[in-house]
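Trainee: The structure is given below, and queries will be raised subsequently.
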Amino acid sequence: MYGGGYIPGQENEKPDQFQEDPVKLKEFEDRIARGEKIEPHDWMPRGYRKQLIRMIEQHAHSEIIGALPEGTWITRAPGFRRKMALIAKVQDEVGHGQLLYNAAETLGKSREEMMADLLSGKSKYSNVFNYPAKTWADVAVIGFLIDAAAIVNQVANSKGSYGPYCRALERICYEESFHLKQGHDAFVALATGTKKQRAMLQDAVNRWYRPIIHFFGPPDVASVHTEKLMRWKVKMMSNDAMRNQYLSSYVPKVRELGIDFPDPNLRKNADGTWSFSDPDWDEFKRVIKGDGPCNKERLAVRKWVETEHRWIREALFNPNAKYTLPLS
Amino acid sequence: MNKEAAQELMLKMADDALIYGHRLSEWTGIGPILEEDIAFSSISQDKVGHAWQLYQLLEEDFGMPGPDQLGFGRKENEYKCCRLNELYTRDYAFALIRHFLMDHAEFIRYSLLRASSYEALAQLAKKVRGEIKYHVLHADTWVKKLGAATEESHSRMQAALNEAFPYALGIFEPGPLEQELIDTGIFIGEERLQSEWLDEIRPIIEESGLQLPATTDAAMGGRSGNHSSDLADLLEEMSEVLRSDPGANW
């Protein structure tokens, strides 16, 4: 997973008063318009660097926080096949976090700084992981429907302008396509299973519906800021465009299994866009601010990881640590 | 070939791999650093995969129930894993020391089994050994890194070693059909395994600035199905979803 199409904070951005060198700026924008990638040592505007750090960092945090709701089901996964697949899947997510932290570091912010900002609440991550995974069916819904949403976002972003991020995303998307298969397979098993399994799945879909609508962010509002980010190929698709693309692909796939979404107003319009009931964007904002069902729990786990294992990091930085050859 | 003896050996190996793999997988998502999170996940997948292959062989060659039933559906006293693997994971130092002690034993066990008179097991051993080789490298790297780096890392690692070592000696608890295994050439025996294991781990422990505990008291019982309550808790959790709707296809 899991970019989440929405980058909290961008709409509150104060206009940057800093004036870039117009010649360099034009050269930079021309390169992007020609489809060239920007690399770490290339000149880039301040606003570009800042926005990319924020975006990649939040993406990385989303990967490692996203490992938590599914991770808690590894020890309960029903049978060998599901157990092995789920360990591999969550491992991939943590690996994506690692790739993305590395990509963000090329822009000048260290992994330690990013981790500190995550724990202090300064950096955000995708809202969707602040909802609980209550039953095994949640694992199927996350693996199928949330991963699918992330893929829409990540495939779009992989065509962006910053080289290291694009390359990380290409690999991530490749792995995500397996996750989607894994999630779909688990989803189908429940949808075509016993009465109890179907009820469990429908209940999970009911609970995840709103976070899924929220996933791509609030409806588009035209702004100079967004226009610039799209010109710089930092943001590749609007929130609504991604949401419409996603709903067009996945609502039919869920409905054909006899599972439905808890919204009588969810329907496709003649122009290809989707209508749905008011998903309570205030809730969305509350969860971003830290007041979701699991925000505290998720950060508490990451804080535990950091404090519980401080001795290991200290040991690694100690010159007495025996140097050992790489494994291969 | 003595089928009962081979079955006894494979069942304890499969149970070891499953319960140990399960414990390792508890780190997925909460490992001390991202690289270790990924490493533990990777090793746990291998272990659970080894268990699956052994249970499958038990089904094919001995007509036992399939991997899901054997792995997830037995009573606690029917599991033959050693007690080291069932212990709940105290902390990362303990996880690492268990990994070190267990994987050295596993590596030697599978190395020796390449010469087993039971051909299917010998074939499996060749493949599995190639994977465990990397698990051992990983464990050695980290034990050496943390054994003497700081006062705190040293004392944590030594404390974990002191606690885990008697349980590790329980890996080599012989089963009732031990002599048959040796006589029929299926396996060279636990005694020989233990002595090779001690020869392997001793210099690494010393090089890491740690001290091998002097005790020879082994925590036995696992091989005959006498377990701590940690195993009951683990099994209850592991089978929770399967039990919630018995007979359903997941």
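Note on naming: chains are A, B, ... as they come in the structure tokens, residues start from 1 per chain, ligands start from 1 in the order shown.
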Tell me, as a PDB file with C-alpha atoms, in the first residue's frame, which residues lie within 8 Å of segment 123-135 of chain A, counting only C-alpha atoms; anything in the same chain fewer than 5 positions away does not count.

Mentor:
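So result_21.pdb came out as:
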ATOM      1  CA  TYR A   2      -0.599   2.855   0.773  1.00  0.00           C
ATOM      2  CA  GLY A   3      -0.117   6.337  -0.390  1.00  0.00           C
ATOM      3  CA  GLY A   4      -3.545   7.604   0.074  1.00  0.00           C
ATOM      4  CA  TYR A   6      -4.492  12.896  -0.042  1.00  0.00           C
ATOM      5  CA  PRO A   8      -2.763  16.520   4.631  1.00  0.00           C
ATOM      6  CA  ARG A  54       6.097  15.579   2.843  1.00  0.00           C
ATOM      7  CA  GLU A  57       7.466  10.650   4.079  1.00  0.00           C
ATOM      8  CA  GLN A  58       3.730  10.303   4.617  1.00  0.00           C
ATOM      9  CA  HIS A  59       3.685   7.478   2.147  1.00  0.00           C
ATOM     10  CA  HIS A  61       4.738   6.207   7.387  1.00  0.00           C
ATOM     11  CA  SER A  62       1.557   4.832   5.868  1.00  0.00           C
ATOM     12  CA  ILE A  65       1.618   1.995  10.221  1.00  0.00           C
ATOM     13  CA  GLY A  66      -0.396   0.081   7.633  1.00  0.00           C
ATOM     14  CA  PRO A  69      -3.788  -3.656  11.525  1.00  0.00           C
ATOM     15  CA  GLU A  70      -2.997  -6.590   9.224  1.00  0.00           C
ATOM     16  CA  MET A 114      11.043  11.346   9.866  1.00  0.00           C
ATOM     17  CA  ASP A 117       8.060  13.560  13.350  1.00  0.00           C
ATOM     18  CA  LEU A 118       5.774  10.540  13.055  1.00  0.00           C
ATOM     19  CA  MET A 200     -18.576 -11.303   8.537  1.00  0.00           C
ATOM     20  CA  ALA A 204     -16.377  -5.526   7.342  1.00  0.00           C
ATOM     21  CA  PRO A 211     -12.739   5.182   5.078  1.00  0.00           C
ATOM     22  CA  ILE A 212     -12.559   3.994   1.460  1.00  0.00           C
ATOM     23  CA  HIS A 214     -12.256   9.214   2.357  1.00  0.00           C
ATOM     24  CA  PHE A 215      -9.120   7.522   1.037  1.00  0.00           C
ATOM     25  CA  PHE A 284     -12.075  12.798   7.941  1.00  0.00           C
ATOM     26  CA  VAL A 287      -9.102  11.561  12.174  1.00  0.00           C
ATOM     27  CA  ILE A 288      -6.271  13.513  10.531  1.00  0.00           C
ATOM     28  CA  GLY A 292      -9.745   8.592  14.991  1.00  0.00           C
ATOM     29  CA  PRO A 293     -10.619   5.220  16.490  1.00  0.00           C
ATOM     30  CA  CYS A 294      -7.008   3.940  16.461  1.00  0.00           C
ATOM     31  CA  ASN A 295      -4.666   6.948  16.161  1.00  0.00           C
ATOM     32  CA  ARG A 298      -1.065   3.007  16.308  1.00  0.00           C
TER      33      ARG A 298
END

Trainee: Given a cut-off of 6 Å, which residues of chain B touch chain A, counting only C-alpha atoms, written out as a list of chain:residue names?

Mentor: B:Gly29, B:Pro32, B:Ile38, B:Ser41, B:Gln45, B:Asp68, B:Lys145, B:Ala149, B:Thr150, B:Glu237, B:Met238, B:Val241, B:Leu242, B:Trp250

Trainee: Find the distance between atom CA of Lys133 of chain B and atom CA of Lys80 of chain B and write it in Å to one decimal.

Mentor: 24.0 Å

Trainee: Provide the atom CA of Gly258 of chain A to atom CA of Asp203 of chain A distance in Å, to one decimal place.

Mentor: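 Calculated distance between atom CA of Gly258 of chain A and atom CA of Asp203 of chain A is 13.1 Å.
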